[in-house]
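**Student:** my_file_16.json is reproduced below (JSON, C-alpha atoms).
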[["chain", "number", "residue", "atom", "x", "y", "z"],
["A", 226, "MET", "CA", 83.80, 49.51, 80.31],
["A", 227, "PHE", "CA", 84.89, 46.37, 78.48],
["A", 228, "ARG", "CA", 82.56, 44.15, 80.56],
["A", 229, "SER", "CA", 79.50, 46.35, 79.93],
["A", 230, "THR", "CA", 80.26, 46.36, 76.19],
["A", 231, "ILE", "CA", 80.42, 42.55, 76.15],
["A", 232, "VAL", "CA", 77.10, 42.34, 78.04],
["A", 233, "ALA", "CA", 75.43, 44.77, 75.62],
["A", 234, "ILE", "CA", 76.69, 42.87, 72.56],
["A", 235, "THR", "CA", 75.60, 39.55, 74.05],
["A", 236, "LEU", "CA", 72.07, 40.87, 74.68],
["A", 237, "LEU", "CA", 71.83, 42.17, 71.12],
["A", 238, "VAL", "CA", 73.20, 39.05, 69.47],
["A", 239, "PHE", "CA", 71.37, 36.50, 71.66],
["A", 240, "PRO", "CA", 67.94, 37.92, 72.50],
["A", 241, "ALA", "CA", 65.85, 36.29, 75.19],
["A", 242, "THR", "CA", 63.80, 33.32, 74.02],
["A", 243, "SER", "CA", 60.71, 34.07, 76.09],
["A", 244, "LEU", "CA", 58.32, 36.59, 74.67],
["A", 245, "ALA", "CA", 57.00, 39.34, 76.90],
["A", 246, "ASP", "CA", 53.33, 40.24, 76.86],
["A", 247, "ASP", "CA", 51.77, 43.65, 76.51],
["A", 248, "TRP", "CA", 48.03, 43.58, 77.10],
["A", 249, "PRO", "CA", 45.91, 46.73, 77.04],
["A", 250, "GLY", "CA", 43.00, 46.67, 79.47],
["A", 251, "ALA", "CA", 39.95, 44.63, 78.51],
["A", 252, "ARG", "CA", 37.26, 46.70, 76.81],
["A", 253, "THR", "CA", 33.61, 46.26, 75.95],
["A", 254, "ALA", "CA", 33.28, 44.58, 72.55],
["A", 255, "THR", "CA", 30.39, 44.36, 70.11],
["A", 256, "VAL", "CA", 30.04, 41.86, 67.28],
["A", 257, "PHE", "CA", 27.32, 41.79, 64.61],
["A", 258, "SER", "CA", 26.17, 38.86, 62.53],
["A", 259, "GLU", "CA", 27.02, 39.29, 58.85],
["A", 260, "ASP", "CA", 23.38, 39.92, 57.92],
["A", 261, "GLY", "CA", 22.86, 42.36, 60.84],
["A", 262, "THR", "CA", 19.97, 40.41, 62.39],
["A", 263, "HIS", "CA", 21.86, 39.83, 65.65],
["A", 264, "PHE", "CA", 24.50, 41.52, 67.71],
["A", 265, "VAL", "CA", 26.19, 40.71, 70.99],
["A", 266, "ARG", "CA", 27.78, 43.19, 73.37],
["A", 267, "VAL", "CA", 30.38, 41.72, 75.74],
["A", 268, "ILE", "CA", 31.16, 43.56, 78.95],
["A", 269, "PRO", "CA", 34.46, 42.57, 80.63],
["A", 270, "GLY", "CA", 34.37, 40.69, 83.89],
["A", 271, "GLU", "CA", 36.30, 41.39, 87.07],
["A", 272, "SER", "CA", 37.71, 37.97, 87.93],
["A", 273, "ILE", "CA", 41.40, 38.57, 87.24],
["A", 274, "GLY", "CA", 42.23, 36.17, 90.08],
["A", 275, "ASP", "CA", 40.86, 33.29, 87.97],
["A", 276, "LEU", "CA", 43.51, 33.86, 85.27],
["A", 277, "LEU", "CA", 46.68, 31.80, 85.11],
["A", 278, "GLY", "CA", 49.44, 33.71, 86.90],
["A", 279, "PHE", "CA", 47.11, 36.05, 88.80],
["A", 280, "GLN", "CA", 46.15, 33.88, 91.77],
["A", 281, "GLY", "CA", 45.49, 36.08, 94.78],
["A", 282, "SER", "CA", 44.11, 38.93, 92.65],
["A", 283, "LYS", "CA", 40.51, 40.11, 92.76],
["A", 284, "ARG", "CA", 37.82, 37.59, 91.86],
["A", 285, "GLY", "CA", 34.32, 38.55, 90.85],
["A", 286, "ALA", "CA", 31.81, 38.39, 88.04],
["A", 287, "TYR", "CA", 32.86, 36.85, 84.73],
["A", 288, "ALA", "CA", 32.40, 38.59, 81.37],
["A", 289, "LYS", "CA", 28.77, 39.28, 80.52],
["A", 290, "ALA", "CA", 27.13, 38.98, 77.08],
["A", 291, "LEU", "CA", 24.00, 40.84, 76.02],
["A", 292, "TYR", "CA", 22.29, 39.25, 72.97],
["A", 293, "TYR", "CA", 20.15, 41.48, 70.75],
["A", 294, "GLU", "CA", 17.82, 40.56, 67.85],
["A", 295, "LEU", "CA", 16.60, 42.78, 65.02],
["A", 296, "GLN", "CA", 12.86, 43.52, 65.21],
["A", 297, "PRO", "CA", 10.38, 44.19, 62.36],
["A", 298, "ASP", "CA", 10.50, 47.95, 63.11],
["A", 299, "ARG", "CA", 14.33, 47.82, 62.65],
["A", 300, "SER", "CA", 15.05, 48.27, 66.35],
["A", 301, "TYR", "CA", 16.97, 45.71, 68.39],
["A", 302, "ARG", "CA", 15.49, 43.87, 71.38],
["A", 303, "LEU", "CA", 17.49, 42.32, 74.20],
["A", 304, "ALA", "CA", 16.94, 38.57, 73.78],
["A", 305, "ALA", "CA", 19.29, 37.11, 76.40],
["A", 306, "GLU", "CA", 21.81, 38.09, 79.04],
["A", 307, "LEU", "CA", 24.38, 35.69, 80.45],
["A", 308, "PHE", "CA", 27.80, 35.30, 81.97],
["A", 309, "LEU", "CA", 30.44, 33.87, 79.65],
["A", 310, "LEU", "CA", 33.08, 31.28, 80.56],
["A", 311, "ASN", "CA", 35.74, 34.04, 80.42],
["A", 312, "PRO", "CA", 36.98, 35.49, 83.73],
["A", 313, "VAL", "CA", 37.71, 38.87, 82.09],
["A", 314, "ALA", "CA", 36.90, 38.86, 78.35],
["A", 315, "PRO", "CA", 37.19, 36.79, 75.20],
["A", 316, "VAL", "CA", 39.95, 37.82, 72.79],
["A", 317, "ASP", "CA", 37.93, 37.29, 69.59],
["A", 318, "LEU", "CA", 34.25, 36.84, 68.81],
["A", 319, "LEU", "CA", 32.25, 35.52, 65.85],
["A", 320, "LEU", "CA", 28.46, 35.69, 65.54],
["A", 321, "SER", "CA", 26.50, 33.64, 62.99],
["A", 322, "ASN", "CA", 23.40, 34.86, 61.16],
["A", 323, "SER", "CA", 21.36, 32.45, 63.28],
["A", 324, "GLY", "CA", 22.72, 33.94, 66.52],
["A", 325, "TYR", "CA", 25.37, 31.44, 67.59],
["A", 326, "LEU", "CA", 28.32, 33.11, 69.30],
["A", 327, "ILE", "CA", 31.85, 31.70, 69.24],
["A", 328, "ALA", "CA", 34.25, 33.17, 71.82],
["A", 329, "PHE", "CA", 37.97, 32.52, 71.46],
["A", 330, "ASP", "CA", 40.52, 32.58, 74.25],
["A", 331, "ASN", "CA", 40.79, 34.63, 77.41],
["A", 332, "TRP", "CA", 42.12, 38.14, 77.87],
["A", 333, "HIS", "CA", 45.75, 37.95, 79.02],
["A", 334, "ASN", "CA", 45.63, 34.12, 78.86],
["A", 335, "VAL", "CA", 45.35, 33.07, 75.21],
["A", 336, "GLY", "CA", 45.30, 29.27, 75.01],
["A", 337, "TYR", "CA", 44.41, 28.71, 78.68],
["A", 338, "GLY", "CA", 41.01, 27.99, 80.16],
["A", 339, "LYS", "CA", 38.15, 27.67, 77.70],
["A", 340, "ALA", "CA", 40.01, 28.44, 74.45],
["A", 341, "VAL", "CA", 36.83, 28.00, 72.38],
["A", 342, "ALA", "CA", 33.26, 28.37, 73.63],
["A", 343, "ILE", "CA", 30.07, 28.26, 71.58],
["A", 344, "TYR", "CA", 26.80, 29.75, 72.83],
["A", 345, "GLY", "CA", 23.35, 29.30, 71.29],
["A", 346, "PRO", "CA", 21.05, 32.17, 70.25],
["A", 347, "ASP", "CA", 19.43, 31.91, 73.67],
["A", 348, "GLY", "CA", 22.85, 32.52, 75.28],
["A", 349, "ILE", "CA", 23.15, 29.01, 76.69],
["A", 350, "PRO", "CA", 26.60, 27.40, 76.27],
["A", 351, "VAL", "CA", 26.50, 24.67, 73.61],
["A", 352, "ALA", "CA", 30.12, 23.46, 73.81],
["A", 353, "SER", "CA", 33.55, 24.55, 75.03],
["A", 354, "TRP", "CA", 37.07, 23.24, 74.75],
["A", 355, "GLU", "CA", 40.43, 23.67, 76.41],
["A", 356, "LEU", "CA", 43.55, 23.16, 74.29],
["A", 357, "ASP", "CA", 44.26, 19.69, 75.67],
["A", 358, "ARG", "CA", 40.96, 18.59, 74.03],
["A", 359, "LEU", "CA", 41.92, 20.15, 70.69],
["A", 360, "TYR", "CA", 45.57, 19.04, 70.43],
["A", 361, "GLU", "CA", 47.64, 16.01, 71.31],
["A", 362, "LYS", "CA", 50.24, 16.50, 74.08],
["A", 363, "THR", "CA", 53.16, 16.46, 71.64],
["A", 364, "ARG", "CA", 51.52, 19.18, 69.52],
["A", 365, "LEU", "CA", 50.70, 21.26, 72.61],
["A", 366, "LYS", "CA", 54.38, 21.30, 73.57],
["A", 367, "SER", "CA", 55.33, 22.75, 70.19],
["A", 368, "ILE", "CA", 52.93, 25.72, 70.37],
["A", 369, "ALA", "CA", 54.71, 29.06, 70.77],
["A", 370, "MET", "CA", 54.42, 30.50, 74.27],
["A", 371, "SER", "CA", 54.87, 33.86, 75.92],
["A", 372, "VAL", "CA", 54.83, 34.80, 79.58],
["A", 373, "SER", "CA", 51.05, 34.43, 79.85],
["A", 374, "SER", "CA", 49.78, 32.78, 76.67],
["A", 375, "ARG", "CA", 49.96, 29.84, 74.28],
["A", 376, "TRP", "CA", 49.64, 31.19, 70.73],
["A", 377, "TRP", "CA", 47.73, 28.26, 69.24],
["A", 378, "ARG", "CA", 45.93, 30.23, 66.51],
["A", 379, "CYS", "CA", 49.10, 31.69, 64.95]]
Turn this file's structure into structure tokens for me.
**Tutor:**
Amino acid sequence: MFRSTIVAITLLVFPATSLADDWPGARTATVFSEDGTHFVRVIPGESIGDLLGFQGSKRGAYAKALYYELQPDRSYRLAAELFLLNPVAPVDLLLSNSGYLIAFDNWHNVGYGKAVAIYGPDGIPVASWELDRLYEKTRLKSIAMSVSSRWWRC
């Protein structure tokens, strides 16, 4: 009894330093430009095996983006379709009024792989960066981490 009480108190007073992750399943996401002239629908990919910590899992198609443009009759027309640099899905998306898409991070692997990717209005990748291109090594080491992610945007 005494030993279990000591263990319980120790766990309460000195919580674990590593943060656990809780990720809901990746879902289809849609982002509109501020002026409504463009929108992009992102469909999650199936390549979980390409994520850090999931080697040996299923590999397949990466996330897919469907680019739409507003037409004179107020309908939207599919302008481009492409596979993103995300094995499953980006975590956040921004879309400019001119149709440039910025995708941040990877589902279940924030801060790993292509942390930032920019795509042109035609869907072609313009630029992408991993964290080691955005931060010096000493700064990278100070970024908060969890089991699967590096929380660089916090």
**Student:** Which residue is closest to Arg375 of chain A? Choose from A:Val335, A:Leu359, A:Ile343, A:Ala328 and count only C-alpha atoms.
**Tutor:**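 Using only C-alpha atoms, Arg375 of chain A sits closest to A:Val335.
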**Student:** Counting all atoms listed in the file, give me one row per residue of segment 267-350 of chain A with an atom at most 12 Å from an atom of segment 360-371 of chain A, showing the shortest contact pair and its distance in Å to one decimal, sorted by chain then residue number, as a tab-separated table.
**Tutor:**
residue	atom	partner	partner_atom	distance
A:His333	CA	A:Ser371	CA	10.5
A:Asn334	CA	A:Ser371	CA	9.7
A:Val335	CA	A:Met370	CA	9.5
A:Gly336	CA	A:Met370	CA	9.2
A:Tyr337	CA	A:Met370	CA	11.1
A:Ala340	CA	A:Tyr360	CA	11.6
**Student:** Excluding Gly348 of chain A and residues on its chain fewer than 3 positions from it, collect all residues at most 8 Å away from it, counting all atoms listed in the file, and give them as an MDAnalysis selection string.
**Tutor:** chainID A and resid 290 292 305:307 344:345
**Student:** How close does each residue of segment 293-374 of chain A get to segment 261-275 of chain A, giving the shortest atom pair and distance in Å to one decimal for every residue with an atom at most 7 Å away, counting all atoms listed in the file, sorted by chain and residue number, as a tab-separated table?
**Tutor:**
residue	atom	partner	partner_atom	distance
A:Tyr293	CA	A:Phe264	CA	5.3
A:Glu294	CA	A:His263	CA	4.7
A:Leu295	CA	A:Thr262	CA	4.9
A:Pro312	CA	A:Ser272	CA	4.9
A:Val313	CA	A:Gly270	CA	4.2
A:Ala314	CA	A:Pro269	CA	5.0
A:Asn322	CA	A:Thr262	CA	6.6
A:Gly324	CA	A:His263	CA	6.0
**Student:** Which residue, A:Ser353, A:Asn331, A:Asn311, A:Ser300, has the smallest gap to Ser373 of chain A when you use all atoms listed in the file?
**Tutor:**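 Selected residue with least distance to Ser373 of chain A: A:Asn331.
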**Student:** Work out how far atom CA of Cys379 of chain A is from atom CA of Leu356 of chain A, in Å to one decimal.
**Tutor:**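 Computing the Euclidean distance for atom CA of Leu356 of chain A and atom CA of Cys379 of chain A yields 13.8 Å.
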**Student:** Can segment 289-303 of chain A be brought up to N, CA and C atoms and written out as an mmCIF file, in the frame of the given file?
**Tutor:**
data_model
loop_
_atom_site.group_PDB
_atom_site.id
_atom_site.type_symbol
_atom_site.label_atom_id
_atom_site.label_comp_id
_atom_site.auth_asym_id
_atom_site.auth_seq_id
_atom_site.Cartn_x
_atom_site.Cartn_y
_atom_site.Cartn_z
ATOM 1 N N LYS A 289 30.205 39.391 80.750
ATOM 2 C CA LYS A 289 28.770 39.280 80.520
ATOM 3 C C LYS A 289 28.475 39.551 79.042
ATOM 4 N N ALA A 290 27.544 38.783 78.474
ATOM 5 C CA ALA A 290 27.130 38.980 77.080
ATOM 6 C C ALA A 290 25.661 39.384 77.047
ATOM 7 N N LEU A 291 25.368 40.396 76.255
ATOM 8 C CA LEU A 291 24.000 40.840 76.020
ATOM 9 C C LEU A 291 23.680 40.539 74.558
ATOM 10 N N TYR A 292 22.710 39.656 74.320
ATOM 11 C CA TYR A 292 22.290 39.250 72.970
ATOM 12 C C TYR A 292 21.127 40.111 72.511
ATOM 13 N N TYR A 293 21.218 40.653 71.311
ATOM 14 C CA TYR A 293 20.150 41.480 70.750
ATOM 15 C C TYR A 293 19.705 40.903 69.409
ATOM 16 N N GLU A 294 18.386 41.024 69.116
ATOM 17 C CA GLU A 294 17.820 40.560 67.850
ATOM 18 C C GLU A 294 17.119 41.722 67.159
ATOM 19 N N LEU A 295 17.260 41.763 65.830
ATOM 20 C CA LEU A 295 16.600 42.780 65.020
ATOM 21 C C LEU A 295 15.092 42.539 65.016
ATOM 22 N N GLN A 296 14.321 43.594 65.181
ATOM 23 C CA GLN A 296 12.860 43.520 65.210
ATOM 24 C C GLN A 296 12.281 44.034 63.886
ATOM 25 N N PRO A 297 11.008 43.737 63.614
ATOM 26 C CA PRO A 297 10.380 44.190 62.360
ATOM 27 C C PRO A 297 10.447 45.714 62.159
ATOM 28 N N ASP A 298 10.435 46.484 63.253
ATOM 29 C CA ASP A 298 10.500 47.950 63.110
ATOM 30 C C ASP A 298 11.938 48.457 63.005
ATOM 31 N N ARG A 299 12.893 47.536 62.805
ATOM 32 C CA ARG A 299 14.330 47.820 62.650
ATOM 33 C C ARG A 299 15.036 48.225 63.942
ATOM 34 N N SER A 300 14.384 48.067 65.062
ATOM 35 C CA SER A 300 15.050 48.270 66.350
ATOM 36 C C SER A 300 15.615 46.916 66.792
ATOM 37 N N TYR A 301 16.439 46.951 67.816
ATOM 38 C CA TYR A 301 16.970 45.710 68.390
ATOM 39 C C TYR A 301 16.375 45.502 69.765
ATOM 40 N N ARG A 302 16.059 44.230 70.083
ATOM 41 C CA ARG A 302 15.490 43.870 71.380
ATOM 42 C C ARG A 302 16.471 42.954 72.092
ATOM 43 N N LEU A 303 16.656 43.200 73.392
ATOM 44 C CA LEU A 303 17.490 42.320 74.200
ATOM 45 C C LEU A 303 16.808 40.959 74.278
#
